[in-house]
Amino acid sequence: MLSFILRRFLSAIPTLFLVVTISFFLIRIAPGGPFDLEQPLEATVMENLKRIYNLDKPLIEQYGIYLWHLAQGDFGPSFYLRDFTIGDLFARGLPVSITLGSLALLTAVLLGGTLGSIAALRQNSWIDYVVSSFGTMGLTIPNFVIAPVFQIVFGLMLALLPVGGWNDGSVRNIILPVIVLALPQLAVVARMIRASMIEALRSNHIRTLRSLGLPTSVVVLHALRGASLPIVSYLGPAAAALLTGSVVVETIFALPGVGRYFVEGALNRDYTLVMGTVVLVAVFVMFFNLLVDILYAIIDPRVRYE
Amino acid sequence: MTEPVLSVRNLHVRFRTGDGILHAVKGIDLDVNRGETVAIVGESGSGKSQTMMSVMGLLASNGWAEGSVKYRGDELVGLSPDKLNRYRGSKLTMIFQEPMTSLDPLYRIGDQLALPLTTHGGLSKRDARKRAIELLELVQIPDPSRRIDAYPHEMSGGQRQRVMIAMALANNPDVLIADEPTTALDVTVQARILELLADLQKRLGMSIVFITHDLGVVRRFADRTYVMRRGEVVESGRTSDLFAAPKHPYTRMLIDAEPTGRKAPVAADAPVVLDAQNISVQFTLEKSFFGKTTHVLRAVDNVSLRVRAGETVGVVGESGSGKSTLGRAILRLQSASGIVRFEDRNLMPLDRAGMRPLRRHLQLVFQDPFGSLSPRMTAGEIVTEGLLVHEPSISRKERDRRAAQAFEEVQLDPAGRNRFPHEFSGGQRQRIAIARAMILHPKLVVLDEPTSALDRSVQKEIVELLRNLQKAHGLAYVFISHDLAVVRALSDEIMVMKSGKVVERGTAEEIFDTPSEEYTRDLIAAAFLSKGDTAETAVQHLAS
């Protein structure tokens, strides 16, 4: 198992290298640059800026410089938010995004798993229909609709919770964004668990447990372990997406996470910021995929890596 | 006479389905006495399994039971699952047809074995483990203290069924219900599992209810037998009486359904259709880091066979013996080394395109009549698909005429050619598969277990059909099967395969009358034994 993890870590390096290389050149192909404002800068100012940020050097050399810094863990300075390095931006934004994302993930798994299991155990009852239609709703209504509705209902009409702001992560401030983030995931998890639980409950080995007169709790536990496998593989990429922040939710609730940098970086041609977010997402995706594989092996002995 | 352990009275089982209510079991009576072996025999759909599923409270959620099932006087029908759990797993236990999937793949077998022990027996985890090892020993799993930590996928089908039996026996049950416990297993494994059950019954004094379609098993093990058909018991009585003098025509039909007769030998000067020499097939199991093959499975190891027009070569062996791979190799559907000559042409140098014009002479019929027909094509389209390739010039009308002809040839109503496969029964589907092969007027047909998925009475009809087609068209057959009764009825020559090699070959008479290999004797004994017989007497029986 340990050698498997080590191998996966090593194989992540070339993947990351490819991702960095492709996105480095891709963003440079896009027309415009970080210093193209509505009013063009004076030629000398422009030249000075370019020199400071090494943009006057040949592209291949810039690429080499970027790789060299990246290898030392330095994402470079932001071209647009000129008082900050990318590292600073992430150090401020990531804790916010990770807090919201992990709480949303936890909510989705626990609540979605429970609802889905209950629906499967009471297949074709009213609970099942409620969960199923809720699942469809959670998937089809976009978060930029739900979020303002929640702000109006809970923030303004009922005045129970603040409509936005981070406020150092106070519980009252994060309830609404966490719910909005969790809802679609919760719906997916509930639907997946329901489907795989129904299948698991019909399987031959569950019939064996019932024929042995074991209590329902044992039967459900066995079914759940088998049914969790597809969810685990779904949750890997989902977790990576949730923890790296959501542009929509962070914008609507005015939260200082890293999600908005994806859009801002690209629009402002803030090359280092774009590269930083790309690397961030790639690392998260690879980490969670590895986690999924390890979890999978723990749950299912048939796929253990020896 | 003492009171029966299990007594079923006027039991009805119904299912709510899309087409209305299905009445699967129609008011049957059945008794199981202490220490007795009772068999319930019937073909698929007779309700034999559902009867016992309702005793165990395991009916599918759309099914329900009415009537009475009494265990030592306690009524079981209508009990809640919680109340039923006082009987299930301790007094009444059940083993199933599918040993490969009946154990939870995610848990070690020791943990699964411990479940009934800790739940019903109140044992501590440590004592449960000790008892689990004893149980594995009881069901003759080698090296039980090590194997207890194995996962199901690390065990063979036979071993998994032994573990299932161990779980069922964990709390010394009064009644063990065995639902086709050996159907999914190889014949020699079957024999060992059945012997184990008989031996355990003698030692532990429990009653066994056998649900089976295999009359060989019934004759060998059951004290009394119930014959079921369409949800009703048509006949019951002592097994020996039932076999000696069956009263109901259905029982008689079942007993007669064992394929009989022998094939007339072919003329010595019949032309050789297929001549395969030194066929070997290797599968790469493991490769080294640099792509070098380090571990090879020789699935077929240097096998030769020759088939004349009108002749049948039976290839017998258990799963994994390489018999199906051999069948595919001689049709060039599997890359292999050696020489395959069809009539006078060497097939080995031909590529895919080169083989295509010859394919019409070399046809294949598969075991699974459910999986081998496309569910989205009508029976007529399935049967004529080969014509599109081999006789593209003929008109749609002519194709339809040929389809109708082919349907008649396999004794299917030609009107059915516009229906889809799921509207046919298993036997009818196998006829469609045969028609698909026959419409091209092949010279050689490889039949890969064509009757194994079918009920005995249907098997007999398919065997008749194959025999008639062979006589009419002078077909050469390679008949692959693990079922010796069918092989004997059809074959001129028989090859017995084990681990890719031919261990014995000869005419059907030679093989059955004087089997020289231990393995062949095992196979014969497993297929033809009746109660009280040993392997030796079975062979003598057959010889006389």
# chains A, B, ... in the order shown; residues from 1 in each chain; ligands from 1
call {"tool": "residues_around", "arguments": {"residues": "A:Ser97", "least_positions_apart": "5", "cutoff": "10 Å", "atoms": "only C-alpha atoms", "output": "MDAnalysis selection string"}}
result
chainID A and resid 90 92 102:103 242:246 250 255:259
call {"tool": "write_last_selection", "arguments": {"atoms": "N, CA and C atoms", "output": "PDB file, in the first residue's frame"}}
result
ATOM      1  N   PHE A  90      -3.496  33.305  -1.902  1.00  0.00           N
ATOM      2  CA  PHE A  90      -3.975  31.968  -1.520  1.00  0.00           C
ATOM      3  C   PHE A  90      -4.013  31.812  -0.006  1.00  0.00           C
ATOM      4  N   ARG A  92      -4.686  33.954   2.160  1.00  0.00           N
ATOM      5  CA  ARG A  92      -5.873  34.590   2.719  1.00  0.00           C
ATOM      6  C   ARG A  92      -7.144  33.869   2.285  1.00  0.00           C
ATOM      7  N   SER A 102     -15.478  22.212   2.832  1.00  0.00           N
ATOM      8  CA  SER A 102     -15.493  20.959   3.589  1.00  0.00           C
ATOM      9  C   SER A 102     -16.781  20.830   4.391  1.00  0.00           C
ATOM     10  N   LEU A 103     -17.282  21.959   4.923  1.00  0.00           N
ATOM     11  CA  LEU A 103     -18.567  21.887   5.636  1.00  0.00           C
ATOM     12  C   LEU A 103     -19.686  21.470   4.677  1.00  0.00           C
ATOM     13  N   LEU A 242     -15.276  21.541  -4.742  1.00  0.00           N
ATOM     14  CA  LEU A 242     -15.867  22.294  -3.636  1.00  0.00           C
ATOM     15  C   LEU A 242     -14.811  23.062  -2.842  1.00  0.00           C
ATOM     16  N   LEU A 243     -13.685  22.422  -2.566  1.00  0.00           N
ATOM     17  CA  LEU A 243     -12.692  23.022  -1.674  1.00  0.00           C
ATOM     18  C   LEU A 243     -11.922  24.147  -2.348  1.00  0.00           C
ATOM     19  N   THR A 244     -11.915  24.196  -3.661  1.00  0.00           N
ATOM     20  CA  THR A 244     -11.205  25.296  -4.318  1.00  0.00           C
ATOM     21  C   THR A 244     -12.140  26.467  -4.580  1.00  0.00           C
ATOM     22  N   GLY A 245     -13.279  26.464  -3.948  1.00  0.00           N
ATOM     23  CA  GLY A 245     -14.129  27.650  -3.945  1.00  0.00           C
ATOM     24  C   GLY A 245     -15.068  27.735  -5.133  1.00  0.00           C
ATOM     25  N   SER A 246     -16.129  28.515  -4.949  1.00  0.00           N
ATOM     26  CA  SER A 246     -17.106  28.693  -6.003  1.00  0.00           C
ATOM     27  C   SER A 246     -17.226  30.176  -6.320  1.00  0.00           C
ATOM     28  N   GLU A 250     -19.186  32.736  -3.720  1.00  0.00           N
ATOM     29  CA  GLU A 250     -18.322  33.732  -3.083  1.00  0.00           C
ATOM     30  C   GLU A 250     -18.692  35.156  -3.498  1.00  0.00           C
ATOM     31  N   LEU A 255     -17.731  36.772  -0.133  1.00  0.00           N
ATOM     32  CA  LEU A 255     -16.801  36.036   0.719  1.00  0.00           C
ATOM     33  C   LEU A 255     -15.400  36.085   0.111  1.00  0.00           C
ATOM     34  N   PRO A 256     -14.375  36.288   0.940  1.00  0.00           N
ATOM     35  CA  PRO A 256     -13.010  36.429   0.419  1.00  0.00           C
ATOM     36  C   PRO A 256     -12.330  35.087   0.151  1.00  0.00           C
ATOM     37  N   GLY A 257     -12.921  34.219  -0.642  1.00  0.00           N
ATOM     38  CA  GLY A 257     -12.308  32.917  -0.945  1.00  0.00           C
ATOM     39  C   GLY A 257     -11.463  32.991  -2.198  1.00  0.00           C
ATOM     40  N   VAL A 258     -10.994  31.826  -2.668  1.00  0.00           N
ATOM     41  CA  VAL A 258     -10.141  31.818  -3.859  1.00  0.00           C
ATOM     42  C   VAL A 258     -10.942  31.578  -5.132  1.00  0.00           C
ATOM     43  N   GLY A 259     -12.216  31.263  -4.995  1.00  0.00           N
ATOM     44  CA  GLY A 259     -13.033  30.931  -6.164  1.00  0.00           C
ATOM     45  C   GLY A 259     -13.060  32.026  -7.195  1.00  0.00           C
TER      46      GLY A 259
END
call {"tool": "interface_residues", "arguments": {"of": "chain A", "to": "chain B", "cutoff": "10 Å", "atoms": "only C-alpha atoms", "output": "list of chain:residue names"}}
result
A:Gln123, A:Arg202, A:Ser203, A:Asn204, A:His205, A:Ile206, A:Arg207, A:Thr208, A:Leu209, A:Arg210, A:Ser211, A:Leu212, A:Gly213, A:Leu214, A:Pro215, A:Thr216, A:Val218, A:His222, A:Ala223, A:Arg225, A:Gly226, A:Ile298, A:Ile299, A:Asp300, A:Pro301, A:Arg302
call {"tool": "closest_residue", "arguments": {"among": "B:Asp275, B:Asp455, B:Glu493, B:Glu381", "to": "B:Thr183", "atoms": "only C-alpha atoms"}}
result
B:Asp455
call {"tool": "atom_distance", "arguments": {"atom1": "atom CA of A:Glu264", "atom2": "atom CA of A:Leu81"}}
result
10.3 Å
call {"tool": "residues_around", "arguments": {"residues": "B:Val445", "least_positions_apart": "3", "cutoff": "6 Å", "atoms": "only C-alpha atoms", "output": "list in words"}}
result
Leu362, Gln363, Leu364 and Tyr477 of chain B
call {"tool": "residues_around", "arguments": {"residues": "stretch 181-192 of chain A", "least_positions_apart": "5", "cutoff": "6 Å", "atoms": "only C-alpha atoms", "output": "number ranges by chain"}}
result
A: 104, 108, 112-113, 115-116, 135, 138-139
